[in-house]
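Participant: Sharing final_3.txt here; it has compact mmCIF, C-alpha atoms and all ligand atoms.
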```txt
# COMPACT_ATOMS: atom_id res chain seq x y z
CA MET A 1 93.75 86.62 82.27
CA ARG A 2 90.03 87.25 82.49
CA GLU A 3 90.35 89.70 79.64
CA ALA A 4 92.22 87.11 77.60
CA VAL A 5 89.52 84.53 78.25
CA ALA A 6 86.78 86.97 77.33
CA LEU A 7 88.63 88.05 74.20
CA ALA A 8 89.22 84.44 73.17
CA LEU A 9 85.57 83.66 73.78
CA ALA A 10 84.45 86.60 71.70
CA ALA A 11 86.85 85.77 68.88
CA VAL A 12 86.06 82.07 68.68
CA VAL A 13 82.35 81.77 69.24
CA GLY A 14 81.06 85.30 69.05
CA VAL A 15 78.88 86.46 71.90
CA SER A 16 75.42 85.04 71.76
CA PRO A 17 73.09 84.10 74.59
CA ALA A 18 74.35 80.52 74.17
CA SER A 19 77.86 81.60 75.18
CA VAL A 20 76.77 83.17 78.45
CA PRO A 21 78.75 81.22 81.08
CA GLU A 22 76.78 79.50 83.80
CA GLY A 23 76.48 81.49 87.00
CA THR A 24 76.79 84.86 85.27
CA CYS A 25 74.08 87.36 84.37
CA GLU A 26 72.94 87.54 80.78
CA VAL A 27 72.62 91.09 79.52
CA ARG A 28 68.98 91.58 78.52
CA ASP A 29 69.25 95.18 77.50
CA ILE A 30 72.08 97.66 77.14
CA SER A 31 72.56 101.16 75.95
CA ILE A 32 75.92 102.89 75.61
CA THR A 33 76.33 106.56 74.75
CA TRP A 34 79.69 107.87 73.59
CA GLY A 35 80.71 110.85 71.51
CA PHE A 36 83.95 109.16 70.32
CA LYS A 37 85.84 112.49 70.31
CA GLU A 38 84.19 115.83 69.95
CA SER A 39 87.16 117.52 68.27
CA PHE A 40 87.29 114.72 65.69
CA ARG A 41 83.59 115.09 64.92
CA SER A 42 84.11 118.86 64.50
CA TYR A 43 87.11 118.23 62.25
CA ILE A 44 85.21 115.75 60.09
CA SER A 45 82.08 117.86 59.71
CA GLY A 46 84.01 121.15 59.45
CA SER A 47 85.71 122.99 56.61
CA ILE A 48 88.98 121.00 56.76
CA ALA A 49 87.77 117.46 56.09
CA GLN A 50 84.32 118.41 54.75
CA GLY A 51 83.13 114.95 55.57
CA SER A 52 80.48 113.04 57.45
CA TRP A 53 79.88 109.74 59.18
CA GLU A 54 77.49 106.89 58.76
CA VAL A 55 76.32 104.44 61.35
CA SER A 56 74.96 100.94 60.90
CA GLY A 57 73.59 97.95 62.81
CA ASP A 58 73.45 98.39 66.58
CA VAL A 59 75.10 101.81 66.34
CA GLY A 60 73.08 104.98 66.04
CA TYR A 61 73.85 108.67 66.29
CA GLU A 62 71.98 111.42 68.01
CA ILE A 63 73.85 114.72 68.42
CA PRO A 64 76.32 114.61 70.15
CA HIS A 65 76.48 110.90 70.95
CA PHE A 66 76.84 107.61 69.20
CA THR A 67 74.51 105.10 70.78
CA LEU A 68 75.04 101.38 71.02
CA THR A 69 72.00 99.26 71.71
CA GLY A 70 71.00 95.64 71.18
CA GLY A 71 74.32 94.14 72.30
CA THR A 72 74.50 90.61 73.65
CA GLY A 73 76.66 89.15 76.36
CA TYR A 74 77.01 88.74 80.07
CA VAL A 75 78.38 90.25 83.21
CA ASP A 76 79.25 88.34 86.35
CA ALA A 77 77.40 89.01 89.58
CA ALA A 78 80.33 90.98 91.06
CA ARG A 79 80.45 93.22 87.95
CA ASP A 80 84.18 92.69 87.45
CA GLU A 81 84.06 90.40 84.43
CA GLY A 82 81.94 90.26 81.33
CA ILE A 83 81.56 91.13 77.70
CA VAL A 84 78.89 92.73 75.58
CA ALA A 85 79.23 92.60 71.80
CA PHE A 86 77.51 94.73 69.18
CA GLU A 87 77.18 94.51 65.43
CA GLY A 88 77.66 97.36 62.98
CA GLY A 89 79.71 100.48 63.49
CA ILE A 90 80.72 103.94 62.32
CA VAL A 91 82.36 104.95 59.06
CA PHE A 92 83.98 108.38 59.11
CA SER A 93 84.75 109.92 55.73
CA GLY A 94 86.29 113.17 54.55
CA HIS A 95 88.92 114.83 52.37
CA ASP A 96 87.05 113.64 49.27
CA GLY A 97 87.39 109.99 50.26
CA ILE A 98 91.06 110.04 51.33
CA LEU A 99 89.82 109.68 54.88
CA GLU A 100 87.57 106.66 55.24
CA THR A 101 87.91 105.04 58.61
CA ALA A 102 85.57 102.31 59.81
CA LEU A 103 85.23 101.38 63.47
CA GLN A 104 83.15 98.25 63.67
CA ASN A 105 81.78 95.42 65.79
CA PRO A 106 82.34 97.12 69.15
CA GLU A 107 82.75 95.05 72.28
CA LEU A 108 82.80 96.32 75.81
CA ILE A 109 84.83 93.92 77.90
CA ILE A 110 84.55 94.33 81.65
CA THR A 111 88.10 93.66 82.83
CA GLY A 112 87.84 94.46 86.54
CA THR A 113 86.00 96.45 89.12
CA ARG A 114 85.28 99.79 87.48
CA GLU A 115 87.34 99.17 84.36
CA ALA A 116 86.61 97.93 80.89
CA THR A 117 88.24 97.75 77.47
CA LEU A 118 86.58 98.92 74.29
CA VAL A 119 87.48 96.59 71.43
CA LEU A 120 86.87 97.57 67.78
CA ASP A 121 87.68 96.36 64.27
CA VAL A 122 89.52 99.22 62.56
CA THR A 123 89.84 99.71 58.80
CA GLY A 124 91.17 102.69 56.86
CA ASP A 125 94.23 104.82 56.20
CA THR A 126 95.68 106.90 58.99
CA MET A 127 96.76 110.52 58.47
CA GLU A 128 100.32 109.12 58.47
CA GLU A 129 99.26 107.10 55.39
CA VAL A 130 99.39 103.70 57.07
CA SER A 131 96.71 101.33 55.78
CA VAL A 132 95.03 99.46 58.60
CA ASN A 133 92.68 96.50 58.51
CA GLN A 134 92.75 95.03 61.97
CA ARG A 135 90.23 93.04 63.95
CA ASP A 136 89.81 93.12 67.72
CA VAL A 137 91.87 96.22 68.40
CA ARG A 138 91.91 96.97 72.13
CA PHE A 139 91.11 100.53 71.27
CA ALA A 140 90.57 102.27 74.59
CA THR A 141 90.38 101.74 78.31
CA VAL A 142 87.22 102.77 80.11
CA THR A 143 87.43 103.56 83.84
CA TRP A 144 85.10 105.08 86.38
CA GLY A 145 84.78 105.78 90.09
CA ARG A 146 82.30 104.36 92.54
CA GLY A 147 80.34 107.61 92.50
CA ALA A 148 79.67 107.18 88.78
CA GLU A 149 77.81 103.92 89.35
CA GLU A 150 74.18 103.22 89.92
CA VAL A 151 73.57 99.61 90.91
CA VAL A 152 70.08 98.35 91.72
CA PRO A 153 70.42 94.55 92.05
CA SER A 154 66.71 94.09 92.86
CA GLU A 155 65.92 95.51 89.42
CA GLY A 156 68.95 94.02 87.68
CA VAL A 157 70.17 97.48 86.72
CA TRP A 158 73.76 98.64 86.45
CA GLY A 159 74.53 102.10 85.15
CA VAL A 160 77.77 104.05 84.78
CA GLU A 161 77.78 107.75 84.00
CA GLY A 162 80.68 109.61 82.42
CA ALA A 163 83.42 106.97 82.45
CA GLN A 164 86.84 108.14 81.29
CA VAL A 165 87.91 106.72 77.93
CA VAL A 166 91.62 106.73 77.08
CA LEU A 167 93.18 105.61 73.81
CA THR A 168 95.54 102.63 74.15
CA GLN A 169 98.78 102.17 72.20
CA GLU A 170 96.97 99.60 70.03
CA GLY A 171 94.19 102.11 69.41
CA SER A 172 96.67 104.84 68.56
CA ASP A 173 98.55 102.59 66.12
CA ALA A 174 95.33 101.64 64.34
CA PHE A 175 93.64 105.03 64.25
CA GLY A 176 96.68 107.27 63.85
CA THR A 177 97.12 110.98 64.70
CA TYR A 178 96.23 110.72 68.39
CA PRO A 179 98.93 109.38 70.74
CA ALA A 180 98.31 106.62 73.29
CA GLY A 181 96.85 108.22 76.38
CA GLU A 182 94.68 110.62 74.39
CA VAL A 183 91.50 111.30 76.33
CA MET A 184 88.45 110.57 74.22
CA ASP A 185 84.88 111.62 75.04
CA PRO A 186 83.39 110.17 78.24
CA MET A 187 81.20 107.09 77.96
CA SER A 188 78.02 106.17 79.81
CA PHE A 189 76.23 102.86 79.84
CA ARG A 190 73.22 101.29 81.41
CA LEU A 191 72.52 97.59 81.28
CA GLU A 192 69.87 95.26 82.59
CA VAL A 193 70.12 91.65 83.71
CA SER A 194 67.55 89.54 85.52
CA PRO A 195 66.50 91.08 88.84
CA GLY A 196 68.54 89.70 91.74
CA CYS A 197 71.39 88.38 89.58
CA LEU A 198 73.87 91.12 90.49
CA ASP A 199 75.52 91.04 93.93
CA GLU A 200 74.27 93.46 96.52
CA GLY A 201 77.89 94.48 97.15
CA THR A 202 79.73 95.26 100.38
CA ILE A 203 77.76 96.80 103.20
CA TRP A 204 80.19 99.62 103.93
CA TRP A 205 78.53 100.84 107.10
CA ILE A 206 79.53 97.71 109.08
CA PRO A 207 83.31 98.39 109.11
CA GLY A 208 82.52 102.11 109.44
CA GLY A 209 80.28 101.38 112.44
CA VAL A 210 82.96 99.23 114.08
CA ALA A 211 85.51 102.01 113.55
CA ALA A 212 83.11 104.58 115.03
CA LEU A 213 82.50 102.34 118.08
CA THR A 214 86.25 101.88 118.56
CA VAL A 215 86.90 105.64 118.38
CA GLY A 216 83.95 106.29 120.72
CA ALA A 217 85.17 103.74 123.27
CA SER A 218 88.73 105.15 123.20
CA ALA A 219 87.43 108.70 123.74
CA LEU A 220 85.30 107.53 126.67
CA ALA A 221 88.24 105.70 128.27
CA LEU A 222 90.42 108.81 127.88
CA ALA A 223 87.75 111.04 129.44
CA ILE A 224 87.38 108.70 132.45
CA GLN A 225 91.14 108.57 132.87
CA ARG A 226 91.41 112.38 132.74
CA GLY A 227 88.53 112.72 135.16
CA ARG A 228 90.32 110.43 137.64
CA ARG A 229 93.58 112.34 137.22
CA SER A 230 92.00 115.75 137.72
CA ARG A 231 90.09 114.55 140.77
CA GLY A 232 93.40 113.20 142.06
CA GLN A 233 95.06 116.63 141.62
CA GLU A 234 92.30 118.33 143.59
CA ARG A 235 93.16 116.27 146.63
CA PRO A 236 95.44 118.00 149.14
C1 LIG A 301 94.03 114.75 52.48
C2 LIG A 301 94.39 114.18 53.61
C3 LIG A 301 94.35 114.91 54.92
C4 LIG A 301 94.54 116.22 55.21
C5 LIG A 301 94.90 117.36 54.24
C6 LIG A 301 94.37 116.39 56.63
C7 LIG A 301 94.50 117.58 57.31
C8 LIG A 301 94.31 117.75 58.64
C9 LIG A 301 94.46 119.00 59.35
C10 LIG A 301 94.83 120.32 58.73
C11 LIG A 301 94.21 118.76 60.64
C12 LIG A 301 94.26 119.77 61.79
C13 LIG A 301 92.85 120.18 62.10
C14 LIG A 301 92.77 121.17 63.24
O1 LIG A 301 93.74 121.39 63.93
O2 LIG A 301 91.67 121.72 63.42
C15 LIG A 301 93.91 117.37 60.78
C16 LIG A 301 93.58 116.77 61.96
C17 LIG A 301 93.28 115.44 62.07
N1 LIG A 301 93.26 114.49 61.07
FE1 LIG A 301 93.62 114.85 59.12
N2 LIG A 301 94.05 115.19 57.19
C18 LIG A 301 94.03 114.25 56.18
C19 LIG A 301 93.76 112.93 56.30
C20 LIG A 301 93.44 112.30 57.45
C21 LIG A 301 93.16 110.90 57.57
C22 LIG A 301 93.20 109.87 56.43
C23 LIG A 301 92.88 110.67 58.87
C24 LIG A 301 92.51 109.30 59.41
C25 LIG A 301 91.65 109.12 60.41
C26 LIG A 301 92.97 111.93 59.58
C27 LIG A 301 92.76 112.11 60.94
C28 LIG A 301 92.91 113.30 61.60
C29 LIG A 301 92.71 113.46 63.01
C30 LIG A 301 92.34 112.36 64.00
C31 LIG A 301 92.92 114.79 63.32
C32 LIG A 301 92.81 115.46 64.69
C33 LIG A 301 91.41 116.04 64.84
C34 LIG A 301 91.22 116.69 66.21
O3 LIG A 301 90.83 115.99 67.15
O4 LIG A 301 91.48 117.91 66.31
N3 LIG A 301 93.30 112.88 58.68
N4 LIG A 301 93.99 116.79 59.54
```
Before anything else, please render the file you have as structure tokens.
Ligand code: HEM
Facilitator:
Amino acid sequence: MREAVALALAAVVGVSPASVPEGTCEVRDISITWGFKESFRSYISGSIAQGSWEVSGDVGYEIPHFTLTGGTGYVDAARDEGIVAFEGGIVFSGHDGILETALQNPELIITGTREATLVLDVTGDTMEEVSVNQRDVRFATVTWGRGAEEVVPSEGVWGVEGAQVVLTQEGSDAFGTYPAGEVMDPMSFRLEVSPGCLDEGTIWWIPGGVAALTVGASALALAIQRGRRSRGQERP
């Protein structure tokens, strides 16, 4: 539902600072690094396709990563909803122009805790010779574990390192060749919002401490009970 709302918002009004919903954190700065898929880059630049790629707008390339900077959008304080949209994209070409696939206007939509969807406009012919010209393709899912996150609410920083990116069915249909479920290169991102806007998060040591106290108290009770029993046995 959240994803649908975010997608509708992106499609209708575009993401600009004006569309940042009240009570959420506007993204002031963001940088995403993603290699797309290393084997595809090798294929394109190698002897089979003899091609190359060009980047434009917010998208750059520095071996071996595409970089996305300058996106606009928001994330909510709990970091489980949000959208950041970029302009520009990548055009892969090869096979003397038979292969010319454009992936443009990327959006990273935060769809839940530690999951996001990468949305792209896809244009070009697939290797199966299907011509595609499709906007807002939910291209891939992006997921990560808690250990991959760096969250510093006092500085308004949220970073994710090495998230897993998996091609969706929609992405597979639009891009061709790779089946749904294909693992793409990992993605990392780091974004900044105003300091203090992000939630501090759960203080995990409180339940842990309660559990430790409970275990400690049970062990003590058991020891006292055993002590009583053994003293009892010593009696004639
Ligand atoms: C003249 C037309 C084409 C020829 C002869 C051709 C040939 C090939 C060959 C031989 C491979 C296997 C490469 C390997 O195993 O190392 C391959 C892989 C691939 N081709 Fe094409 N191709 C053509 C067009 C296209 C087009 C239009 C696309 C659209 C994007 C495409 C996408 C791919 C992809 C995604 C792979 C897999 C790369 C990887 O990750 O290993 N090809 N192609």
Participant: Calculated over only C-alpha atoms and all ligand atoms, which of the candidates A:Val75, A:Ala174, A:Ile90, A:Val84 has the smallest distance to ligand LIG 301 (chain A)?
Facilitator: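 Selected residue with least distance to ligand LIG 301 (chain A): A:Ala174.
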Participant: Report as a list in words all protein, DNA and RNA residues lying within 12 Å of A:Gly97, evaluated on all atoms listed in the file, omitting residues in the same chain fewer than 6 positions from it.
Facilitator: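 Residues near the query, excluding close chain neighbours: Ile44, Ala49, Gln50, Gly51, Ser52, Trp53, Val91, Gly124 and Asp125 of chain A.
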Participant: Once you count all atoms listed in the file, which residues end up no further than 10 Å from (84.9, 110.3, 77.7) in the file's frame, shown as a PyMOL selection string?
Facilitator: chain A and resi 33-38+142-143+161-166+183-188
Participant: Pull the closest atom pair for each residue of chain A that gets at most 7 Å from ligand LIG 301 (chain A), along with the distance in Å to one decimal, counting all atoms listed in the file, ordering rows by chain and then ascending residue number, as a Markdown table.
Facilitator:
```
| residue | atom | partner | partner_atom | distance |
| --- | --- | --- | --- | --- |
| A:Lys37 | CA | A:LIG301 | O3 | 6.9 |
| A:Ser39 | CA | A:LIG301 | O3 | 4.1 |
| A:Phe40 | CA | A:LIG301 | O3 | 4.0 |
| A:Tyr43 | CA | A:LIG301 | C33 | 5.5 |
| A:Ile48 | CA | A:LIG301 | C10 | 6.2 |
| A:Ala49 | CA | A:LIG301 | C6 | 6.7 |
| A:His95 | CA | A:LIG301 | C1 | 5.1 |
| A:Ile98 | CA | A:LIG301 | C22 | 5.5 |
| A:Leu99 | CA | A:LIG301 | C22 | 3.7 |
| A:Glu100 | CA | A:LIG301 | C22 | 6.6 |
| A:Thr101 | CA | A:LIG301 | C25 | 5.8 |
| A:Asp125 | CA | A:LIG301 | C22 | 5.2 |
| A:Thr126 | CA | A:LIG301 | C24 | 4.0 |
| A:Met127 | CA | A:LIG301 | C21 | 3.7 |
| A:Glu129 | CA | A:LIG301 | C22 | 6.7 |
| A:Phe175 | CA | A:LIG301 | C25 | 6.0 |
| A:Gly176 | CA | A:LIG301 | C25 | 6.4 |
| A:Thr177 | CA | A:LIG301 | C30 | 5.0 |
| A:Tyr178 | CA | A:LIG301 | C30 | 6.1 |
```
Participant: Excluding same-chain residues fewer than 3 positions from stretch 80-82 of chain A, what lies within 6 Å of it counting all atoms listed in the file, as a list in words?
Facilitator: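 Counting all atoms listed in the file, the residues come to Tyr74, Val75, Asp76, Ile109, Ile110, Thr111, Gly112 and Thr113 of chain A.
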Participant: Using all atoms listed in the file, which of the listed residues (A:Trp144, A:Phe86, A:Tyr61, A:Phe92) sits closest to A:Val122?
Facilitator: A:Phe92
Participant: A:Glu26: which residues within 10 Å, counting only C-alpha atoms, same-chain residues fewer than 3 positions away excluded, as an NGL selection string?
Facilitator: :A and (16-23 or 29 or 72-77 or 82-84 or 192-194 or 197)
Participant: At a cut-off of 6 Å from (89.2, 101.1, 77.8) in the coordinates of the file, what residues are picked up using all atoms listed in the file, written as a ChimeraX atom specification?
Facilitator: /A:116-118,140-142,165
Participant: With distances taken over all atoms listed in the file, which residue among A:Gly70, A:Gly159, A:Gly94, A:Pro195 lies nearest A:Glu107?
Facilitator: A:Gly70
Participant: Residues within 9 Å of A:Ala78, please, as a count of residues only. Count all atoms listed in the file; anything in the same chain fewer than 4 positions from it doesn't count.
Facilitator: 5
Participant: Give me, as a PyMOL selection string, all polymer residues having an atom no more than 6 Å from A:Val160, counting only C-alpha atoms and skipping those fewer than 2 positions away in the same chain.
Facilitator: chain A and resi 148-149+188-189
Participant: Point out the residue among A:Pro179, A:Gly89, A:Gly171, A:Pro64 with the least atom-to-atom distance to A:Asp136, counting all atoms listed in the file.
Facilitator: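 Using all atoms listed in the file, A:Asp136 sits closest to A:Gly171.
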Participant: Separation of atom CA of A:Arg146 and atom CA of A:Gln104, in Å?
Facilitator: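 So the answer is 29.5 Å.
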Participant: Take atom CA of A:Leu108 and atom CA of A:Arg28 and report the distance between them in Å, one decimal.
Facilitator: 14.9 Å
Participant: Could you work out how far atom CA of A:Ser42 lies from atom CA of A:His65, giving the answer in Å with one decimal?
Facilitator: 12.8 Å
Participant: Ranking A:Leu167, A:Pro153, A:Val132, A:Ser31 by minimum distance to A:Gly181 and counting only C-alpha atoms, which one comes first?
Facilitator: A:Leu167
Participant: Considering all atoms listed in the file, state which residue in the set A:Arg41, A:Glu182, A:Val157, A:Glu170 is at the smallest distance from A:Ile63.
Facilitator: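 Between A:Arg41, A:Glu182, A:Val157, A:Glu170, the residue approaching A:Ile63 most closely is A:Arg41.
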